>>> print(open('coords_2.csv').read())   # CSV, C-alpha atoms
chain,number,residue,atom,x,y,z
J,1,ASP,CA,8.3,133.0,85.4
J,2,THR,CA,8.8,129.5,84.2
J,3,GLU,CA,5.8,127.6,85.5
J,4,VAL,CA,2.1,126.9,84.9
J,5,THR,CA,-0.1,127.7,87.8
J,6,GLN,CA,-3.6,126.3,88.5
J,7,THR,CA,-6.2,127.5,90.9
J,8,PRO,CA,-7.8,126.3,93.0
J,9,LYS,CA,-5.7,123.3,94.2
J,10,HIS,CA,-8.8,121.6,95.4
J,11,LEU,CA,-12.5,122.0,94.6
J,12,VAL,CA,-15.6,120.3,96.0
J,13,MET,CA,-18.8,121.0,94.2
J,14,GLY,CA,-22.4,119.7,94.0
J,15,MET,CA,-24.0,118.4,90.8
J,16,THR,CA,-26.0,121.6,90.4
J,17,ASN,CA,-23.1,124.1,91.0
J,18,LYS,CA,-21.3,126.1,88.4
J,19,LYS,CA,-17.6,126.5,89.0
J,20,SER,CA,-14.4,127.4,87.0
J,21,LEU,CA,-10.9,126.1,87.0
J,22,LYS,CA,-8.1,128.6,86.1
J,23,CYS,CA,-4.8,128.1,84.5
J,24,GLU,CA,-2.1,130.7,83.9
J,25,GLN,CA,1.3,130.8,82.3
J,26,HIS,CA,3.6,133.8,81.6
J,27,MET,CA,6.2,132.0,79.4
J,28,GLY,CA,4.8,133.4,76.2
J,29,HIS,CA,3.5,130.0,75.2
J,30,ARG,CA,1.0,129.9,72.4
J,31,ALA,CA,-0.7,126.6,73.0
J,32,MET,CA,-2.5,125.5,76.1
J,33,TYR,CA,-4.2,122.2,77.1
J,34,TRP,CA,-6.6,120.6,79.5
J,35,TYR,CA,-6.2,117.0,80.6
J,36,LYS,CA,-8.3,114.9,83.0
J,37,GLN,CA,-6.7,112.2,85.2
J,38,LYS,CA,-8.7,109.7,87.1
J,39,ALA,CA,-7.2,108.0,90.1
J,40,LYS,CA,-4.5,105.5,89.2
J,41,LYS,CA,-5.0,106.2,85.4
J,42,PRO,CA,-2.9,108.1,82.9
J,43,PRO,CA,-3.8,111.7,81.9
J,44,GLU,CA,-6.3,112.0,79.0
J,45,LEU,CA,-6.4,115.0,76.7
J,46,MET,CA,-9.6,117.0,76.7
J,47,PHE,CA,-8.9,120.3,74.8
J,48,VAL,CA,-6.1,122.1,73.0
J,49,TYR,CA,-6.0,125.8,72.3
J,50,SER,CA,-3.6,127.1,69.7
J,51,TYR,CA,-3.1,130.8,69.4
J,52,GLU,CA,-6.2,131.3,71.6
J,53,LYS,CA,-8.4,129.3,69.3
J,54,LEU,CA,-9.8,125.9,70.2
J,55,SER,CA,-8.1,123.4,67.9
J,56,ILE,CA,-8.8,120.1,69.5
J,57,ASN,CA,-11.9,118.9,71.4
J,58,GLU,CA,-11.6,115.2,72.3
J,59,SER,CA,-15.4,114.7,72.3
J,60,VAL,CA,-15.7,116.1,75.8
J,61,PRO,CA,-19.3,116.5,77.2
J,62,SER,CA,-20.7,120.0,77.0
J,63,ARG,CA,-20.8,120.2,80.8
J,64,PHE,CA,-17.1,121.1,80.4
J,65,SER,CA,-16.7,124.4,78.6
J,66,PRO,CA,-13.2,125.7,77.9
J,67,GLU,CA,-12.3,129.4,77.4
J,68,CYS,CA,-9.1,131.1,76.4
J,69,PRO,CA,-9.5,134.8,77.2
J,70,ASN,CA,-5.9,135.7,76.3
J,71,SER,CA,-2.7,133.9,75.5
J,72,SER,CA,-1.7,133.6,79.2
J,73,LEU,CA,-5.0,132.3,80.6
J,74,LEU,CA,-7.1,129.2,80.2
J,75,ASN,CA,-10.3,128.5,82.0
J,76,LEU,CA,-12.4,125.4,82.3
J,77,HIS,CA,-16.1,126.2,83.2
J,78,LEU,CA,-17.9,123.4,84.9
J,79,HIS,CA,-21.7,123.0,85.1
J,80,ALA,CA,-24.0,120.1,86.1
J,81,LEU,CA,-21.1,117.7,86.6
J,82,GLN,CA,-21.5,114.1,87.7
J,83,PRO,CA,-19.7,112.3,90.5
J,84,GLU,CA,-17.8,110.3,87.9
J,85,ASP,CA,-16.2,113.6,86.8
J,86,SER,CA,-14.2,113.7,90.0
J,87,ALA,CA,-10.6,113.7,88.9
J,88,LEU,CA,-7.4,115.7,88.8
J,89,TYR,CA,-7.6,118.3,86.1
J,90,LEU,CA,-4.3,119.2,84.6
J,91,CYS,CA,-3.4,122.2,82.5
J,92,ALA,CA,-0.3,122.4,80.2
J,93,SER,CA,1.2,124.8,77.9
J,94,SER,CA,3.8,124.7,75.1
J,95,GLN,CA,5.8,127.3,73.2
J,96,GLU,CA,4.2,126.3,70.0
J,97,PRO,CA,1.4,123.7,69.4
J,98,ASP,CA,4.0,121.0,68.5
J,99,ARG,CA,6.5,121.5,71.2
J,100,GLU,CA,7.1,119.9,74.6
J,101,GLN,CA,4.3,120.5,77.1
J,102,PHE,CA,4.8,121.9,80.6
J,103,PHE,CA,2.2,120.9,83.1
J,104,GLY,CA,0.8,122.6,86.1
J,105,PRO,CA,0.2,120.8,89.4
J,106,GLY,CA,-3.5,120.3,88.7
J,107,THR,CA,-6.8,120.9,90.4
J,108,ARG,CA,-8.3,118.0,92.3
J,109,LEU,CA,-12.0,118.1,91.8
J,110,THR,CA,-14.6,116.2,93.8
J,111,VAL,CA,-18.2,116.2,92.7
J,112,LEU,CA,-20.7,115.3,95.3
P,1,ASP,CA,-1.0,106.3,67.0
P,2,ALA,CA,1.2,103.3,67.8
P,3,LYS,CA,0.7,101.6,71.1
P,4,THR,CA,3.5,101.1,73.6
P,5,THR,CA,4.2,98.4,76.1
P,6,GLN,CA,6.0,99.1,79.3
P,7,PRO,CA,6.6,96.9,82.4
P,8,PRO,CA,4.1,98.0,85.2
P,9,SER,CA,6.8,98.5,87.8
P,10,MET,CA,10.6,98.5,88.3
P,11,ASP,CA,12.9,98.9,91.2
P,12,CYS,CA,16.3,100.6,91.3
P,13,ALA,CA,18.9,101.3,93.9
P,14,GLU,CA,19.8,104.9,94.6
P,15,GLY,CA,23.0,105.8,92.7
P,16,ARG,CA,22.6,103.1,90.1
P,17,ALA,CA,21.4,103.5,86.5
P,18,ALA,CA,17.7,103.0,85.9
P,19,ASN,CA,17.0,101.5,82.5
P,20,LEU,CA,13.3,101.7,81.5
P,21,PRO,CA,12.3,99.7,78.5
P,22,CYS,CA,9.5,100.5,76.0
P,23,ASN,CA,8.2,98.4,73.1
P,24,HIS,CA,6.6,100.1,70.2
P,25,SER,CA,6.7,97.5,67.5
P,26,THR,CA,4.0,99.2,65.3
P,27,ILE,CA,5.7,102.6,65.2
P,28,SER,CA,5.5,104.5,61.9
P,29,GLY,CA,8.4,106.2,60.2
P,30,ASN,CA,7.2,109.7,61.1
P,31,GLU,CA,6.4,108.9,64.8
P,32,TYR,CA,8.6,110.1,67.6
P,33,VAL,CA,9.2,108.5,71.0
P,34,TYR,CA,8.5,110.8,73.9
P,35,TRP,CA,9.1,110.2,77.6
P,36,TYR,CA,7.3,112.0,80.4
P,37,ARG,CA,7.3,111.2,84.1
P,38,GLN,CA,4.8,112.0,86.8
P,39,ILE,CA,5.9,112.3,90.4
P,40,HIS,CA,3.2,111.7,92.9
P,41,SER,CA,0.6,114.5,93.2
P,42,GLN,CA,2.3,116.6,90.5
P,43,GLY,CA,1.7,117.2,86.8
P,44,PRO,CA,3.7,115.2,84.2
P,45,GLN,CA,7.2,116.4,83.4
P,46,TYR,CA,8.7,116.2,79.9
P,47,ILE,CA,12.0,114.2,79.9
P,48,ILE,CA,13.2,113.6,76.4
P,49,HIS,CA,12.2,112.6,72.9
P,50,GLY,CA,13.7,111.2,69.7
P,51,LEU,CA,13.1,110.0,66.2
P,52,LYS,CA,15.9,107.7,65.2
P,53,ASN,CA,19.1,108.7,66.8
P,54,ASN,CA,20.0,108.3,70.5
P,55,GLU,CA,19.4,111.5,72.5
P,56,THR,CA,20.9,112.8,75.7
P,57,ASN,CA,20.0,115.8,77.9
P,58,GLU,CA,20.6,116.8,81.4
P,59,MET,CA,18.0,114.5,82.7
P,60,ALA,CA,18.3,111.3,80.8
P,61,SER,CA,19.4,109.4,77.7
P,62,LEU,CA,17.2,107.8,75.1
P,63,ILE,CA,18.4,104.8,73.2
P,64,ILE,CA,16.3,103.7,70.2
P,65,THR,CA,17.0,100.4,68.5
P,66,GLU,CA,17.9,100.5,64.8
P,67,ASP,CA,14.6,99.0,63.8
P,68,ARG,CA,12.8,101.6,66.1
P,69,LYS,CA,10.6,98.9,67.5
P,70,SER,CA,11.8,99.5,71.1
P,71,SER,CA,13.6,102.1,73.2
P,72,THR,CA,15.2,102.5,76.6
P,73,LEU,CA,15.2,105.5,78.8
P,74,ILE,CA,18.3,105.7,81.0
P,75,LEU,CA,18.6,107.7,84.2
P,76,PRO,CA,22.3,107.4,84.8
P,77,HIS,CA,22.4,107.9,88.5
P,78,ALA,CA,19.0,107.5,90.0
P,79,THR,CA,18.0,109.4,93.1
P,80,LEU,CA,15.1,109.0,95.5
P,81,ARG,CA,13.5,112.0,93.7
P,82,ASP,CA,13.3,110.0,90.5
P,83,THR,CA,10.6,107.8,92.0
P,84,ALA,CA,7.7,108.4,89.6
P,85,VAL,CA,5.5,106.9,86.9
P,86,TYR,CA,7.4,107.0,83.6
P,87,TYR,CA,5.3,107.2,80.4
P,88,CYS,CA,6.6,106.2,77.0
P,89,ILE,CA,4.5,107.8,74.2
P,90,VAL,CA,4.7,107.3,70.5
P,91,ASN,CA,3.2,110.1,68.4
P,92,THR,CA,3.7,112.2,65.3
P,93,GLY,CA,3.9,115.3,67.4
P,94,PHE,CA,3.6,116.7,70.9
P,95,GLN,CA,0.1,118.0,70.4
P,96,LYS,CA,-2.1,115.0,70.9
P,97,LEU,CA,-0.2,112.9,73.4
P,98,VAL,CA,-1.8,109.6,74.4
P,99,PHE,CA,-0.5,108.5,77.7
P,100,GLY,CA,-0.3,104.7,78.4
P,101,THR,CA,-0.2,103.1,81.8
P,102,GLY,CA,3.5,103.7,82.2
P,103,THR,CA,6.1,102.1,84.5
P,104,ARG,CA,6.1,102.9,88.2
P,105,LEU,CA,9.8,103.3,89.1
P,106,LEU,CA,10.7,103.0,92.8
P,107,VAL,CA,14.2,104.1,93.7
P,108,SER,CA,15.3,102.8,97.1
P,109,PRO,CA,18.2,103.8,99.4
>>> encode(input="coords_2.csv", output="structure tokens")
Amino acid sequence: DTEVTQTPKHLVMGMTNKKSLKCEQHMGHRAMYWYKQKAKKPPELMFVYSYEKLSINESVPSRFSPECPNSSLLNLHLHALQPEDSALYLCASSQEPDREQFFGPGTRLTVL
Amino acid sequence: DAKTTQPPSMDCAEGRAANLPCNHSTISGNEYVYWYRQIHSQGPQYIIHGLKNNETNEMASLIITEDRKSSTLILPHATLRDTAVYYCIVNTGFQKLVFGTGTRLLVSP
């Protein structure tokens, strides 16, 4: 298995909802990443997990809560989001923290 | 991290070489040049990276000038599937990549 999978592909949620995005890889990679990409903009790094521990948080609001239950799985828990949080959320993984990143297809999130 | 400057868009005929330039005049000695691309509605894809020497892999070649202030990504025989946004990134490592606005390459028949 040589890919990063993300579920769901699309998500629509209200501002009071709680939802989660899921990312999975079975390549034995030890670093995983969350990025946010607004329409017609480049991806922006949100979080980095190295060896299942949060190593980088790019000052992301607390309504986004990452979780790494094991080395293959990365979640992004969403609560009380705003319409401006609507974006494509990309997950990536790399063999080691400082190796090339492999990206998943993303989850397109719409907040109403 | 050093900033990069790329043309916003480029065109290329199918089968021809696509040469994508990137300026990074403030690059530091320990910073690498990375190239990623993003095909519409997909996640970014790693292409190649280099420090000083020219690099080649199955996807592309990377030519870095001797003063390291600019580089060129070369796709030797562009196909329609190479239509994408190409990002040139300068960084000390892969971990905290900062994507710029990139070059939108359109390959036409």
>>> closest_residue(input="coords_2.csv", among="P:Thr92, P:Ser9, P:Gly15, P:Lys69", to="chain J", atoms="only C-alpha atoms")
P:Thr92
>>> atom_distance(input="coords_2.csv", atom1="atom CA of Asn54 of chain P", atom2="atom CA of Tyr87 of chain P")
17.8 Å
>>> closest_residue(input="coords_2.csv", among="P:Thr79, P:Gln95, P:Asn23, P:Ser70", to="chain J", atoms="all atoms listed in the file")
P:Gln95
>>> residues_around(input="coords_2.csv", residues="segment 11-13 of chain J", least_positions_apart="2", cutoff="12 Å", atoms="all atoms listed in the file", output="ChimeraX atom specification")
/J:6-9,15-22,78-83,85-89,106-112
>>> write_last_selection(input="coords_2.csv", atoms="C-alpha atoms", output="PDB file, in the coordinates of the input")
ATOM      1  CA  GLN J   6      -3.600 126.300  88.500  1.00  0.00           C
ATOM      2  CA  THR J   7      -6.200 127.500  90.900  1.00  0.00           C
ATOM      3  CA  PRO J   8      -7.800 126.300  93.000  1.00  0.00           C
ATOM      4  CA  LYS J   9      -5.700 123.300  94.200  1.00  0.00           C
ATOM      5  CA  MET J  15     -24.000 118.400  90.800  1.00  0.00           C
ATOM      6  CA  THR J  16     -26.000 121.600  90.400  1.00  0.00           C
ATOM      7  CA  ASN J  17     -23.100 124.100  91.000  1.00  0.00           C
ATOM      8  CA  LYS J  18     -21.300 126.100  88.400  1.00  0.00           C
ATOM      9  CA  LYS J  19     -17.600 126.500  89.000  1.00  0.00           C
ATOM     10  CA  SER J  20     -14.400 127.400  87.000  1.00  0.00           C
ATOM     11  CA  LEU J  21     -10.900 126.100  87.000  1.00  0.00           C
ATOM     12  CA  LYS J  22      -8.100 128.600  86.100  1.00  0.00           C
ATOM     13  CA  LEU J  78     -17.900 123.400  84.900  1.00  0.00           C
ATOM     14  CA  HIS J  79     -21.700 123.000  85.100  1.00  0.00           C
ATOM     15  CA  ALA J  80     -24.000 120.100  86.100  1.00  0.00           C
ATOM     16  CA  LEU J  81     -21.100 117.700  86.600  1.00  0.00           C
ATOM     17  CA  GLN J  82     -21.500 114.100  87.700  1.00  0.00           C
ATOM     18  CA  PRO J  83     -19.700 112.300  90.500  1.00  0.00           C
ATOM     19  CA  ASP J  85     -16.200 113.600  86.800  1.00  0.00           C
ATOM     20  CA  SER J  86     -14.200 113.700  90.000  1.00  0.00           C
ATOM     21  CA  ALA J  87     -10.600 113.700  88.900  1.00  0.00           C
ATOM     22  CA  LEU J  88      -7.400 115.700  88.800  1.00  0.00           C
ATOM     23  CA  TYR J  89      -7.600 118.300  86.100  1.00  0.00           C
ATOM     24  CA  GLY J 106      -3.500 120.300  88.700  1.00  0.00           C
ATOM     25  CA  THR J 107      -6.800 120.900  90.400  1.00  0.00           C
ATOM     26  CA  ARG J 108      -8.300 118.000  92.300  1.00  0.00           C
ATOM     27  CA  LEU J 109     -12.000 118.100  91.800  1.00  0.00           C
ATOM     28  CA  THR J 110     -14.600 116.200  93.800  1.00  0.00           C
ATOM     29  CA  VAL J 111     -18.200 116.200  92.700  1.00  0.00           C
ATOM     30  CA  LEU J 112     -20.700 115.300  95.300  1.00  0.00           C
TER      31      LEU J 112
END
>>> interface_residues(input="coords_2.csv", of="chain J", to="chain P", cutoff="7 Å", atoms="only C-alpha atoms", output="list in words")
Lys41, Pro42, Pro43, Glu44, Leu90, Pro97, Asp98, Arg99, Glu100, Gln101, Phe102, Phe103, Gly104, Pro105 and Gly106 of chain J
>>> decode(input="coords_2.csv", residues="segment 26-38 of chain P", atoms="N, CA, C and O atoms", output="PDB file, in the first residue's frame")
ATOM      1  N   THR P  26      17.729  35.049  -1.966  1.00  0.00           N
ATOM      2  CA  THR P  26      18.152  35.162  -0.559  1.00  0.00           C
ATOM      3  C   THR P  26      18.375  33.791   0.079  1.00  0.00           C
ATOM      4  O   THR P  26      18.413  33.685   1.302  1.00  0.00           O
ATOM      5  N   ILE P  27      18.557  32.786  -0.723  1.00  0.00           N
ATOM      6  CA  ILE P  27      18.729  31.420  -0.209  1.00  0.00           C
ATOM      7  C   ILE P  27      19.986  31.330   0.664  1.00  0.00           C
ATOM      8  O   ILE P  27      21.021  31.947   0.355  1.00  0.00           O
ATOM      9  N   SER P  28      19.879  30.588   1.748  1.00  0.00           N
ATOM     10  CA  SER P  28      21.026  30.385   2.639  1.00  0.00           C
ATOM     11  C   SER P  28      21.777  29.114   2.248  1.00  0.00           C
ATOM     12  O   SER P  28      21.249  28.258   1.542  1.00  0.00           O
ATOM     13  N   GLY P  29      23.014  29.000   2.774  1.00  0.00           N
ATOM     14  CA  GLY P  29      23.862  27.876   2.393  1.00  0.00           C
ATOM     15  C   GLY P  29      23.299  26.515   2.753  1.00  0.00           C
ATOM     16  O   GLY P  29      23.616  25.515   2.107  1.00  0.00           O
ATOM     17  N   ASN P  30      22.468  26.452   3.789  1.00  0.00           N
ATOM     18  CA  ASN P  30      21.948  25.163   4.229  1.00  0.00           C
ATOM     19  C   ASN P  30      20.520  24.912   3.752  1.00  0.00           C
ATOM     20  O   ASN P  30      19.855  23.998   4.235  1.00  0.00           O
ATOM     21  N   GLU P  31      20.033  25.737   2.845  1.00  0.00           N
ATOM     22  CA  GLU P  31      18.672  25.572   2.360  1.00  0.00           C
ATOM     23  C   GLU P  31      18.650  24.817   1.026  1.00  0.00           C
ATOM     24  O   GLU P  31      19.449  25.084   0.136  1.00  0.00           O
ATOM     25  N   TYR P  32      17.712  23.889   0.951  1.00  0.00           N
ATOM     26  CA  TYR P  32      17.507  23.111  -0.251  1.00  0.00           C
ATOM     27  C   TYR P  32      16.447  23.789  -1.129  1.00  0.00           C
ATOM     28  O   TYR P  32      15.634  24.580  -0.641  1.00  0.00           O
ATOM     29  N   VAL P  33      16.418  23.383  -2.394  1.00  0.00           N
ATOM     30  CA  VAL P  33      15.347  23.779  -3.309  1.00  0.00           C
ATOM     31  C   VAL P  33      14.483  22.541  -3.550  1.00  0.00           C
ATOM     32  O   VAL P  33      14.995  21.483  -3.948  1.00  0.00           O
ATOM     33  N   TYR P  34      13.184  22.669  -3.266  1.00  0.00           N
ATOM     34  CA  TYR P  34      12.239  21.567  -3.449  1.00  0.00           C
ATOM     35  C   TYR P  34      11.224  21.952  -4.520  1.00  0.00           C
ATOM     36  O   TYR P  34      10.815  23.098  -4.611  1.00  0.00           O
ATOM     37  N   TRP P  35      10.796  20.958  -5.269  1.00  0.00           N
ATOM     38  CA  TRP P  35       9.719  21.173  -6.232  1.00  0.00           C
ATOM     39  C   TRP P  35       8.611  20.170  -5.966  1.00  0.00           C
ATOM     40  O   TRP P  35       8.857  18.959  -5.854  1.00  0.00           O
ATOM     41  N   TYR P  36       7.394  20.708  -5.875  1.00  0.00           N
ATOM     42  CA  TYR P  36       6.178  19.905  -5.786  1.00  0.00           C
ATOM     43  C   TYR P  36       5.248  20.378  -6.889  1.00  0.00           C
ATOM     44  O   TYR P  36       5.375  21.491  -7.393  1.00  0.00           O
ATOM     45  N   ARG P  37       4.293  19.554  -7.245  1.00  0.00           N
ATOM     46  CA  ARG P  37       3.244  19.995  -8.157  1.00  0.00           C
ATOM     47  C   ARG P  37       1.899  19.532  -7.632  1.00  0.00           C
ATOM     48  O   ARG P  37       1.810  18.583  -6.861  1.00  0.00           O
ATOM     49  N   GLN P  38       0.860  20.241  -8.060  1.00  0.00           N
ATOM     50  CA  GLN P  38      -0.486  19.902  -7.641  1.00  0.00           C
ATOM     51  C   GLN P  38      -1.388  19.913  -8.865  1.00  0.00           C
ATOM     52  O   GLN P  38      -1.653  20.974  -9.435  1.00  0.00           O
TER      53      GLN P  38
END
